[in-house]
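For reference, entry_30.txt is printed below; it contains compact mmCIF, C-alpha atoms and all ligand atoms.
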# COMPACT_ATOMS: atom_id res chain seq x y z
CA MET A 126 -5.68 -57.64 -41.71
CA HIS A 127 -8.16 -56.00 -44.00
CA ARG A 128 -7.09 -55.44 -47.57
CA SER A 129 -7.26 -51.69 -47.38
CA GLU A 130 -5.45 -51.25 -44.10
CA PHE A 131 -2.05 -49.65 -43.93
CA LEU A 132 0.56 -52.33 -44.52
CA TYR A 133 3.98 -52.51 -42.98
CA PRO A 134 7.28 -53.68 -44.40
CA PRO A 135 8.17 -57.19 -43.23
CA GLY A 136 10.53 -57.18 -40.28
CA GLY A 137 9.54 -53.69 -39.20
CA PRO A 138 8.68 -52.91 -35.58
CA LEU A 139 5.24 -53.92 -34.43
CA PRO A 140 3.03 -50.90 -34.77
CA ASP A 141 1.05 -49.55 -31.88
CA ARG A 142 -2.25 -49.34 -33.71
CA PRO A 143 -5.70 -48.59 -32.48
CA THR A 144 -8.44 -51.08 -33.26
CA ALA A 145 -9.76 -50.28 -36.70
CA GLY A 146 -13.05 -48.43 -36.60
CA LEU A 147 -12.66 -47.14 -33.04
CA PRO A 148 -13.61 -43.50 -32.96
CA ARG A 149 -10.65 -41.21 -32.36
CA PRO A 150 -12.42 -38.07 -31.34
CA ARG A 151 -10.30 -35.17 -32.50
CA PRO A 152 -12.40 -32.12 -33.21
CA HIS A 153 -11.17 -29.85 -35.94
CA GLN A 154 -9.01 -27.22 -34.37
CA HIS A 155 -9.81 -23.55 -34.88
CA PHE A 156 -7.77 -20.38 -34.49
CA ALA A 157 -9.11 -16.86 -33.90
CA GLY A 158 -12.64 -18.25 -33.78
CA SER A 159 -13.07 -19.22 -37.40
CA ILE A 160 -9.83 -20.31 -39.09
CA ARG A 161 -9.90 -24.09 -39.48
CA VAL A 162 -6.46 -25.51 -38.77
CA PRO A 163 -5.56 -28.81 -40.45
CA TYR A 164 -4.54 -31.63 -38.12
CA ILE A 165 -1.11 -31.87 -39.77
CA ALA A 166 -0.36 -28.11 -39.59
CA PRO A 167 2.31 -27.06 -37.09
CA TRP A 168 1.82 -24.31 -34.47
CA THR A 169 4.40 -21.66 -33.56
CA GLY A 170 4.59 -23.17 -30.07
CA GLU A 171 5.84 -26.45 -31.52
CA ASN A 172 9.31 -25.18 -32.39
CA ALA A 173 12.39 -26.66 -30.78
CA ARG A 174 16.14 -26.40 -31.21
CA GLN A 175 17.39 -29.49 -32.99
CA PRO A 176 19.94 -31.67 -31.19
CA THR A 177 23.40 -32.16 -32.66
CA ILE A 178 23.72 -34.97 -35.19
CA THR A 179 26.36 -37.57 -34.44
CA THR A 180 27.18 -41.07 -35.73
CA ARG A 181 26.51 -44.44 -34.19
CA LEU A 182 26.91 -48.09 -35.07
CA GLY A 183 23.43 -49.54 -35.43
CA ARG A 184 22.05 -52.94 -36.41
CA VAL A 185 22.68 -52.30 -40.11
CA GLY A 186 26.00 -50.45 -39.79
CA TYR A 187 26.89 -46.82 -39.21
CA GLY A 188 24.43 -43.98 -39.51
CA ILE A 189 23.34 -40.73 -37.94
CA SER A 190 22.05 -40.49 -34.40
CA TYR A 191 21.38 -38.04 -31.56
CA ALA A 192 23.81 -38.09 -28.64
CA ASP A 193 20.80 -38.55 -26.32
CA GLU A 194 18.74 -40.62 -28.75
CA TYR A 195 15.62 -42.12 -27.29
CA GLY A 196 14.77 -45.10 -29.47
CA ILE A 197 11.00 -45.26 -29.48
CA ALA A 198 10.52 -41.54 -29.93
CA ASP A 199 13.41 -40.74 -32.27
CA ARG A 200 13.59 -43.73 -34.60
CA MET A 201 11.01 -45.49 -36.77
CA ARG A 202 11.79 -48.42 -39.05
CA GLY A 203 15.50 -47.56 -38.97
CA ALA A 204 15.13 -43.85 -39.76
CA LEU A 205 16.11 -41.11 -37.32
CA TRP A 206 13.28 -38.57 -37.09
CA VAL A 207 13.45 -34.81 -36.62
CA ARG A 208 12.38 -33.75 -33.10
CA MET A 209 9.27 -31.61 -32.79
CA PRO A 210 7.23 -30.88 -29.68
CA VAL A 211 3.61 -32.00 -30.02
CA LYS A 212 1.49 -29.15 -28.61
CA PRO A 213 -1.27 -28.46 -31.13
CA GLY A 214 -3.01 -25.19 -30.27
CA ALA A 215 0.13 -23.59 -28.76
CA GLY A 216 0.68 -20.12 -30.27
CA GLY A 217 -0.57 -19.58 -33.81
CA PRO A 218 -1.02 -22.05 -36.67
CA LEU A 219 1.48 -22.21 -39.53
CA LEU A 220 -1.03 -22.87 -42.31
CA GLY A 221 0.32 -24.57 -45.41
CA ARG A 222 3.16 -26.17 -43.47
CA ILE A 223 3.44 -29.68 -42.07
CA HIS A 224 4.18 -30.96 -38.56
CA ALA A 225 6.56 -33.87 -39.18
CA LEU A 226 5.31 -36.11 -36.37
CA ARG A 227 1.58 -35.53 -36.93
CA GLN A 228 2.13 -36.20 -40.66
CA ARG A 229 3.83 -39.46 -39.70
CA GLN A 230 1.06 -40.34 -37.27
CA ALA A 231 -1.59 -39.56 -39.89
CA MET A 232 0.11 -41.94 -42.36
CA TYR A 233 0.77 -44.61 -39.75
CA HIS A 234 -2.82 -44.72 -38.50
CA MET A 235 -4.55 -43.46 -41.68
CA LEU A 236 -5.90 -40.31 -40.04
CA CYS A 237 -7.52 -37.50 -42.00
CA GLN A 238 -5.02 -34.71 -42.70
CA GLY A 239 -7.75 -32.15 -41.99
CA CYS A 240 -9.50 -33.25 -38.80
CA GLY A 241 -7.32 -36.14 -37.55
CA GLN A 242 -10.17 -38.68 -37.45
CA SER A 243 -9.44 -42.24 -38.57
CA THR A 244 -10.24 -42.90 -42.23
CA VAL A 245 -10.19 -46.68 -41.60
CA GLY A 246 -13.69 -47.97 -42.22
CA GLY A 247 -14.87 -44.50 -43.20
CA ARG A 248 -16.20 -45.82 -46.50
CA SER A 249 -18.32 -48.91 -47.13
CA ASP A 250 -15.86 -50.06 -49.84
CA GLN A 251 -12.97 -49.81 -47.32
CA ARG A 252 -10.94 -47.60 -49.62
CA HIS A 253 -9.10 -44.47 -48.54
CA LEU A 254 -9.61 -41.10 -50.16
CA PHE A 255 -6.52 -39.05 -50.95
CA LEU A 256 -6.83 -35.42 -51.98
CA MET A 257 -3.69 -33.74 -53.28
CA ALA A 258 -2.82 -30.33 -54.60
CA SER A 259 -1.12 -30.61 -57.97
CA THR A 260 0.40 -28.12 -60.40
CA THR A 261 -0.41 -30.24 -63.45
CA GLY A 262 -3.74 -31.76 -62.43
CA GLN A 263 -2.45 -35.11 -63.68
CA PRO A 264 -4.32 -38.02 -62.06
CA ILE A 265 -2.60 -40.24 -59.49
CA ALA A 266 -1.14 -43.34 -61.12
CA GLU A 267 -0.71 -46.85 -59.73
CA GLY A 268 2.23 -46.97 -57.30
CA ASP A 269 2.60 -43.19 -57.02
CA LYS A 270 4.32 -42.02 -53.87
CA THR A 271 2.99 -39.28 -51.65
CA ILE A 272 3.60 -37.44 -48.37
CA THR A 273 -0.05 -36.28 -48.26
CA PRO A 274 -2.11 -38.24 -45.69
CA PRO A 275 -5.66 -39.34 -46.55
CA SER A 276 -8.74 -37.16 -46.13
CA CYS A 277 -12.19 -37.93 -44.78
CA ALA A 278 -15.00 -37.10 -47.22
CA GLY A 279 -16.13 -34.08 -45.21
CA CYS A 280 -12.69 -32.47 -45.09
CA ALA A 281 -12.06 -33.25 -48.78
CA VAL A 282 -15.28 -31.51 -49.81
CA GLU A 283 -14.50 -28.51 -47.58
CA ALA A 284 -11.00 -28.26 -49.04
CA ALA A 285 -12.32 -28.62 -52.60
CA LEU A 286 -14.86 -25.83 -52.03
CA GLU A 287 -12.15 -23.53 -50.70
CA GLY A 288 -9.77 -24.48 -53.52
CA PRO A 289 -6.01 -25.06 -53.33
CA SER A 290 -3.43 -22.29 -53.31
CA LEU A 291 -2.79 -20.24 -56.43
CA GLY A 292 -1.73 -22.05 -59.59
CA ARG A 293 -2.62 -25.48 -58.23
CA ARG A 294 -5.62 -27.73 -58.40
CA TYR A 295 -6.80 -30.75 -56.48
CA VAL A 296 -6.70 -34.31 -57.70
CA ALA A 297 -8.63 -36.94 -55.76
CA VAL A 298 -8.18 -40.69 -55.80
CA LEU A 299 -9.69 -43.69 -54.00
CA VAL A 300 -7.00 -46.14 -52.90
CA GLU A 301 -7.29 -49.83 -52.00
CA HIS A 302 -3.81 -50.42 -50.59
CA VAL A 303 -1.46 -47.96 -48.92
CA LEU A 304 2.09 -49.25 -48.48
CA ALA A 305 4.89 -47.85 -46.35
CA TRP A 306 7.56 -46.84 -48.89
CA GLY A 307 10.16 -44.72 -47.11
CA VAL A 308 10.80 -41.23 -45.82
CA ALA A 309 11.41 -37.74 -47.17
CA GLY A 310 14.26 -36.06 -45.39
CA ILE A 311 17.78 -34.70 -45.33
CA VAL A 312 20.60 -37.07 -46.23
CA TYR A 313 23.87 -36.51 -44.36
CA ALA A 314 27.29 -37.24 -45.88
CA PRO A 315 28.87 -40.05 -43.81
CA ASP A 316 32.38 -38.53 -43.84
CA THR A 317 31.53 -34.89 -43.01
CA LEU A 318 28.06 -35.15 -41.36
CA VAL A 319 27.02 -32.23 -43.55
CA PRO A 320 23.67 -32.39 -45.41
CA VAL A 321 24.15 -33.54 -48.99
CA PRO A 322 23.04 -30.67 -51.27
CA ARG A 323 19.83 -31.21 -53.21
CA ASN A 324 20.21 -30.40 -56.88
CA ASN A 325 16.59 -30.54 -58.00
CA GLY A 326 15.24 -27.75 -55.82
CA ASN A 327 13.19 -30.08 -53.60
CA GLU A 328 13.28 -29.51 -49.87
CA PHE A 329 13.77 -33.20 -49.08
CA ALA A 330 15.23 -36.32 -50.66
CA LEU A 331 12.95 -39.35 -51.09
CA VAL A 332 14.64 -42.35 -49.46
CA ALA A 333 13.08 -45.82 -49.58
CA TYR A 334 13.18 -48.10 -46.50
CA ASP A 335 15.62 -50.41 -48.34
CA ASP A 336 17.84 -47.56 -49.60
CA PRO A 337 21.41 -47.73 -48.18
CA ARG A 338 21.14 -43.97 -47.47
CA LEU A 339 18.36 -44.58 -44.93
CA PRO A 340 20.68 -44.74 -41.86
CA TRP A 341 22.14 -41.37 -42.96
CA THR A 342 18.77 -39.68 -43.45
CA LEU A 343 17.01 -37.39 -40.98
CA ALA A 344 13.34 -38.06 -41.69
CA TYR A 345 10.78 -35.23 -41.94
CA ARG A 346 7.92 -37.03 -43.71
CA GLU A 347 6.55 -40.55 -44.02
CA VAL A 348 6.22 -41.54 -47.70
CA VAL A 349 3.64 -44.11 -48.82
CA SER A 350 2.85 -45.63 -52.20
CA LEU A 351 -0.74 -45.89 -53.44
CA HIS A 352 -2.14 -49.02 -55.08
CA GLY A 353 -5.52 -49.96 -56.51
CA CYS A 354 -6.11 -46.33 -57.46
CA THR A 355 -9.33 -45.00 -58.97
CA ALA A 356 -9.41 -41.32 -59.85
CA ILE A 357 -12.50 -39.53 -58.57
CA ASP A 358 -14.02 -36.29 -59.76
CA LEU A 359 -14.34 -33.75 -56.96
CA LYS A 360 -17.79 -32.78 -58.22
CA ASP A 361 -18.94 -36.41 -57.80
CA LEU A 362 -17.46 -36.51 -54.33
CA THR A 363 -19.31 -33.35 -53.34
CA ALA A 364 -22.57 -34.81 -54.70
CA GLN A 365 -21.99 -38.16 -52.93
CA THR A 366 -21.27 -36.44 -49.64
CA ALA A 367 -24.33 -34.23 -49.95
CA ALA A 368 -26.43 -37.35 -50.66
ZN ZN B 1 -11.41 -34.97 -41.88

As structure tokens, what does this structure read like?
Amino acid sequence: MHRSEFLYPPGGPLPDRPTAGLPRPRPHQHFAGSIRVPYIAPWTGENARQPTITTRLGRVGYGISYADEYGIADRMRGALWVRMPVKPGAGGPLLGRIHALRQRQAMYHMLCQGCGQSTVGGRSDQRHLFLMASTTGQPIAEGDKTITPPSCAGCAVEAALEGPSLGRRYVAVLVEHVLAWGVAGIVYAPDTLVPVPRNNGNEFALVAYDDPRLPWTLAYREVVSLHGCTAIDLKDLTAQTAA
């Protein structure tokens, strides 16, 4: 395995990965002729009623489940995942929001969050570029966790030229190692099966793969940690890409 490839926790299921470097042709999707729709954005036609949450006895004890759970589709590395149809292009795009399963796929295979192309082998130094909107502009530090998938250079430059939403700015970082850390999701109380209230205003709780709450968490995002980080100035990136 190459140093910069996505690494998996020991004992996890064997990933179904494409051969690194194989082109995954996924043209950038457009709406109404000109609006570029990010790969990880959901579409209105991708809504579905969520199944009822129930409990089950799994390999590591009790946890939440669906009554009609279908292992390969519903569970990854021990976490039950929210169900979402995958029909990009159906209806209208929900810009600024995230499709849980495409976000997971983008992290799993290191696909660009903008166009969905593989970022494996996209750079000669084998690092991955991550571009994140930030309220503080503080650079990414070693071991930081994120739910933002990587970006290809082209999409990063486009996004930087357009600028992030109001009151935020972009920070960019080149990353040598991307490690699976856990999920962001909703934790259910084992006795009542009611979501545990969040007290810090965040939509989701961050739950590591070795956290005892994992079997009680409905996952909405894959969370990775970033290692071997080098901050990069967006102006340099724009110049590099132009060159
Ligand atoms: Zn891209």

Need the shell around A:Gly353: protein/DNA/RNA residues with any atom at most 9 Å away, counting only C-alpha atoms. Skip same-chain ones fewer than 2 positions apart. Format as an MDAnalysis selection string? chainID A and resid 267:268 299:303 351 355

Find the spatial neighbours of A:Gly203, counting only C-alpha atoms, within a cut-off of 10 Å - ignore same-chain residues fewer than 6 positions away - and output them as an MDAnalysis selection string. chainID A and resid 137:138 183:185 188 196 334:335 339:342

d(atom CA of A:Ala344, atom CA of A:Gln238) in Å: 18.7 Å

Kindly provide, as JSON, numbers by chain, all nucleotide and amino acid residues lying within 12 Å of ligand ZN 1 (chain B), counting all atoms listed in the file. {"A": [149, 150, 151, 152, 153, 154, 161, 162, 163, 164, 165, 231, 235, 236, 237, 238, 239, 240, 241, 242, 243, 244, 245, 247, 253, 254, 255, 256, 274, 275, 276, 277, 278, 279, 280, 281, 282, 283, 284]}

Out of A:Tyr187, A:Tyr313, A:Tyr295, A:Trp206, which residue has the shortest atom-to-atom distance to A:Arg346 when counting all atoms listed in the file?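 With all atoms listed in the file as the atom set, the closest residue is A:Trp206.
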